[in-house]
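Down below is the structure, laid out as structure tokens.
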Amino acid sequence: MEKDFREIIPAGRDALRGVEGNVLYAYDDAVYPTRPARKGEKIKGTLTIGTGHTGPDVAVGMTITEAESDALLDADLDVVERFIAENVHVELNDNQHAATTMFGFNIGTGALAKSSFLRRLNAGDYEGASKELLKWVNTTINGKK
């Protein structure tokens with residue numbers, strides 16, 4: 001089915017999956033090493049499955065197949081790609097679009113909408129926008145930044 005918005009290039013999707021991984025069981029993203037989330041334990045971060053998929057449909061004990069993970073990733077990327085199509089008002093080459101999609105995937109479209117990254121990008125300040133990405137380099141391991 002043809003989409004009415006631009007999709008991430010295959011190399012971008014591969015890079016995203018390389019960074020995010022592809023875990024076929026529900027896990028707490030603040031617990032390292034990654035292991036299945038256990039019933040009754042407090043979730044310290046965000047319950048996640050597949051390639052960075054989160055949301056109310058993810059539950060402790062859940063497992064998925066590779067095909068289901070691909071479908072979840074497609075749906076999650078569609079949300080970000082549609083947001084970019086509607087809210088980015090400058091030209092992006094394939095790599096810029098992939099980077100913007102990956103960034104939006106990671107922070108969510110709500111945060112992307114409010115970000116100085118998007119403001120700078122839409123002002124045509126590509127270099128300034130790229131520097132804004134450095135402000136978002138955060139991770140949590142075992143509940144600690």
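Identifiers in the structure tokens: chain A, B, ... in order shown; residue index from 1 per chain; ligand index from 1 in order shown.
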
Quick one: residues within 12 Å of A:Glu66, only C-alpha atoms counted, chain neighbours fewer than 4 positions away excluded, as a list in words?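 Returned residues: Gly21, Asn22, Val23, Leu24, Tyr25, Ile49, Gly50, Thr51, Asp70, Ala71, Leu72 and Leu73 of chain A.
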
Residues from the last selection, N, CA and C atoms, saved as a tab-separated table (two decimals), in the first residue's frame:
chain	number	residue	atom	x	y	z
A	21	GLY	N	18.18	-2.41	18.77
A	21	GLY	CA	18.10	-3.86	18.94
A	21	GLY	C	16.72	-4.36	18.54
A	22	ASN	N	16.50	-5.63	18.77
A	22	ASN	CA	15.21	-6.23	18.46
A	22	ASN	C	14.98	-7.35	19.46
A	23	VAL	N	14.33	-7.00	20.54
A	23	VAL	CA	14.12	-7.94	21.65
A	23	VAL	C	12.69	-8.45	21.58
A	24	LEU	N	12.54	-9.74	21.50
A	24	LEU	CA	11.23	-10.34	21.25
A	24	LEU	C	10.45	-10.67	22.52
A	25	TYR	N	10.85	-10.10	23.64
A	25	TYR	CA	10.11	-10.22	24.91
A	25	TYR	C	10.06	-8.85	25.57
A	49	ILE	N	9.36	-3.59	23.98
A	49	ILE	CA	9.44	-4.86	23.24
A	49	ILE	C	9.81	-4.56	21.79
A	50	GLY	N	10.35	-5.55	21.11
A	50	GLY	CA	10.69	-5.38	19.69
A	50	GLY	C	11.81	-4.37	19.53
A	51	THR	N	11.65	-3.50	18.56
A	51	THR	CA	12.62	-2.45	18.29
A	51	THR	C	12.12	-1.16	18.92
A	70	ASP	N	8.50	-6.48	13.32
A	70	ASP	CA	8.58	-5.66	12.11
A	70	ASP	C	7.32	-4.83	11.94
A	71	ALA	N	6.16	-5.43	12.19
A	71	ALA	CA	4.89	-4.70	12.04
A	71	ALA	C	4.78	-3.58	13.07
A	72	LEU	N	5.21	-3.83	14.30
A	72	LEU	CA	5.20	-2.78	15.32
A	72	LEU	C	6.13	-1.64	14.93
A	73	LEU	N	7.33	-1.98	14.43
A	73	LEU	CA	8.27	-0.94	14.01
A	73	LEU	C	7.70	-0.13	12.86

Could you write out, as an MDAnalysis selection string, all the residues of stretch 29-130 of chain A that DSSP marks as helix (DSSP H, G or I)? chainID A and resid 66:87 94:107 109:114 116:122 126:130

Running DSSP on the backbone, which parts of chain A land in strand (DSSP E), as a list in words?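 Secondary structure check on chain A, strand (DSSP E): Val23, Leu24, Tyr25, Ala26, Tyr27, Asp28, Leu47, Thr48, Ile49, Gly50, His53 and Thr54 of chain A.
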
Neighbour list for stretch 110-117 of chain A as a PDB file with N, CA, C and O atoms, in the first residue's frame, cut-off 9 Å, only C-alpha atoms, skip fewer than 3 positions in-chain:
ATOM      1  N   PHE A  83       4.353  12.714  11.045  1.00  0.00           N
ATOM      2  CA  PHE A  83       4.627  13.956  11.767  1.00  0.00           C
ATOM      3  C   PHE A  83       5.637  14.803  10.987  1.00  0.00           C
ATOM      4  O   PHE A  83       5.445  16.008  10.820  1.00  0.00           O
ATOM      5  N   ASN A  87       5.104  18.532   9.604  1.00  0.00           N
ATOM      6  CA  ASN A  87       5.678  19.558  10.476  1.00  0.00           C
ATOM      7  C   ASN A  87       7.080  20.020  10.124  1.00  0.00           C
ATOM      8  O   ASN A  87       7.550  20.989  10.713  1.00  0.00           O
ATOM      9  N   PHE A 103      15.500  10.327  15.403  1.00  0.00           N
ATOM     10  CA  PHE A 103      15.404  11.208  16.561  1.00  0.00           C
ATOM     11  C   PHE A 103      13.966  11.269  17.061  1.00  0.00           C
ATOM     12  O   PHE A 103      13.697  11.091  18.253  1.00  0.00           O
ATOM     13  N   GLY A 104      13.023  11.472  16.157  1.00  0.00           N
ATOM     14  CA  GLY A 104      11.610  11.512  16.540  1.00  0.00           C
ATOM     15  C   GLY A 104      11.125  10.197  17.114  1.00  0.00           C
ATOM     16  O   GLY A 104      10.323  10.176  18.046  1.00  0.00           O
ATOM     17  N   ILE A 107      12.508  10.214  20.839  1.00  0.00           N
ATOM     18  CA  ILE A 107      11.979  11.166  21.827  1.00  0.00           C
ATOM     19  C   ILE A 107      10.463  11.282  21.775  1.00  0.00           C
ATOM     20  O   ILE A 107       9.859  11.824  22.684  1.00  0.00           O
ATOM     21  N   ARG A 120      14.941  25.031  14.852  1.00  0.00           N
ATOM     22  CA  ARG A 120      16.138  25.368  14.064  1.00  0.00           C
ATOM     23  C   ARG A 120      16.073  24.745  12.670  1.00  0.00           C
ATOM     24  O   ARG A 120      16.432  25.382  11.681  1.00  0.00           O
ATOM     25  N   LEU A 121      15.617  23.493  12.605  1.00  0.00           N
ATOM     26  CA  LEU A 121      15.513  22.828  11.316  1.00  0.00           C
ATOM     27  C   LEU A 121      14.574  23.602  10.398  1.00  0.00           C
ATOM     28  O   LEU A 121      14.924  23.905   9.253  1.00  0.00           O
ATOM     29  N   ASN A 122      13.408  23.953  10.898  1.00  0.00           N
ATOM     30  CA  ASN A 122      12.432  24.678  10.071  1.00  0.00           C
ATOM     31  C   ASN A 122      12.892  26.087   9.721  1.00  0.00           C
ATOM     32  O   ASN A 122      12.399  26.675   8.761  1.00  0.00           O
ATOM     33  N   GLY A 128      22.749  24.175  13.139  1.00  0.00           N
ATOM     34  CA  GLY A 128      22.228  24.410  14.485  1.00  0.00           C
ATOM     35  C   GLY A 128      21.325  23.275  14.936  1.00  0.00           C
ATOM     36  O   GLY A 128      21.371  22.852  16.105  1.00  0.00           O
ATOM     37  N   ALA A 129      20.521  22.762  14.020  1.00  0.00           N
ATOM     38  CA  ALA A 129      19.639  21.632  14.349  1.00  0.00           C
ATOM     39  C   ALA A 129      20.472  20.418  14.724  1.00  0.00           C
ATOM     40  O   ALA A 129      20.164  19.725  15.702  1.00  0.00           O
ATOM     41  N   SER A 130      21.534  20.163  13.974  1.00  0.00           N
ATOM     42  CA  SER A 130      22.371  18.992  14.282  1.00  0.00           C
ATOM     43  C   SER A 130      23.014  19.134  15.654  1.00  0.00           C
ATOM     44  O   SER A 130      23.146  18.145  16.383  1.00  0.00           O
ATOM     45  N   LYS A 131      23.374  20.347  16.053  1.00  0.00           N
ATOM     46  CA  LYS A 131      23.962  20.567  17.379  1.00  0.00           C
ATOM     47  C   LYS A 131      22.936  20.352  18.484  1.00  0.00           C
ATOM     48  O   LYS A 131      23.293  19.961  19.600  1.00  0.00           O
ATOM     49  N   GLU A 132      21.671  20.596  18.185  1.00  0.00           N
ATOM     50  CA  GLU A 132      20.612  20.367  19.177  1.00  0.00           C
ATOM     51  C   GLU A 132      20.500  18.895  19.554  1.00  0.00           C
ATOM     52  O   GLU A 132      20.124  18.561  20.666  1.00  0.00           O
ATOM     53  N   LEU A 133      20.840  18.013  18.625  1.00  0.00           N
ATOM     54  CA  LEU A 133      20.773  16.576  18.906  1.00  0.00           C
ATOM     55  C   LEU A 133      21.675  16.193  20.070  1.00  0.00           C
ATOM     56  O   LEU A 133      21.355  15.284  20.837  1.00  0.00           O
TER      57      LEU A 133
END

List the spatial neighbours of A:Asp57 as a list in words - criterion: any atom at most 12 Å away, only C-alpha atoms, same-chain residues fewer than 4 positions off excluded.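 Here the answer would be Ala26, Leu47, Thr48, Ile49, His53, Gly61, Met62, Thr63, Ile64 and Leu72 of chain A.
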
Spatial neighbours of A:Asn106, max dist 10 Å, only C-alpha atoms, sep filter under 4 positions, as a PyMOL selection string: chain A and resi 16+20+52-53+80+100-102+111-112+136

Next, write the just-selected residues to a file, as an mmCIF file, in the first residue's frame, keeping C-alpha atoms as the atom set.
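What follows is the written file result_17.cif:
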data_model
loop_
_atom_site.group_PDB
_atom_site.id
_atom_site.type_symbol
_atom_site.label_atom_id
_atom_site.label_comp_id
_atom_site.auth_asym_id
_atom_site.auth_seq_id
_atom_site.Cartn_x
_atom_site.Cartn_y
_atom_site.Cartn_z
ATOM 1 C CA LEU A 16 17.689 2.311 13.962
ATOM 2 C CA GLU A 20 17.658 -0.135 19.383
ATOM 3 C CA GLY A 52 11.945 0.175 20.938
ATOM 4 C CA HIS A 53 8.173 -0.290 20.946
ATOM 5 C CA VAL A 80 6.974 9.752 13.125
ATOM 6 C CA THR A 100 15.144 13.160 11.905
ATOM 7 C CA THR A 101 12.995 10.034 11.854
ATOM 8 C CA MET A 102 15.333 8.210 14.224
ATOM 9 C CA ALA A 111 8.799 16.182 22.407
ATOM 10 C CA LEU A 112 9.885 16.645 18.797
ATOM 11 C CA TRP A 136 19.455 14.671 23.931
#

Please determine, counting only C-alpha atoms, which residue among A:Thr54, A:Thr34, A:Asp125, A:Asp74 has the shortest atom-to-atom distance to A:Arg17.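 When distances to A:Arg17 are compared using only C-alpha atoms, the smallest one comes from A:Asp74.
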
Atom CA of A:Lys3 and atom CA of A:Glu127 are how many Å apart?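 One can read the atom CA of A:Lys3 to atom CA of A:Glu127 distance as 29.6 Å.
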
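Counting only C-alpha atoms and comparing A:Val58, A:Asn95, A:Asp28, A:Thr109, the residue that lies closest to A:Ala11 is A:Asn95.
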
Would you work out the distance separating atom CA of A:Gly40 from atom CA of A:Pro56, expressed in Å to one decimal? 17.2 Å

Point-to-point distance from atom CA of A:Phe5 to atom CA of A:His97, Å rounded to tenths: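 A separation of 11.7 Å between them.
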
Could you give me, as an MDAnalysis selection string, the residues within 9 Å of A:Glu7, counting only C-alpha atoms and dropping anything in the same chain fewer than 6 positions from it? chainID A and resid 77:78 81:82 97:98 101
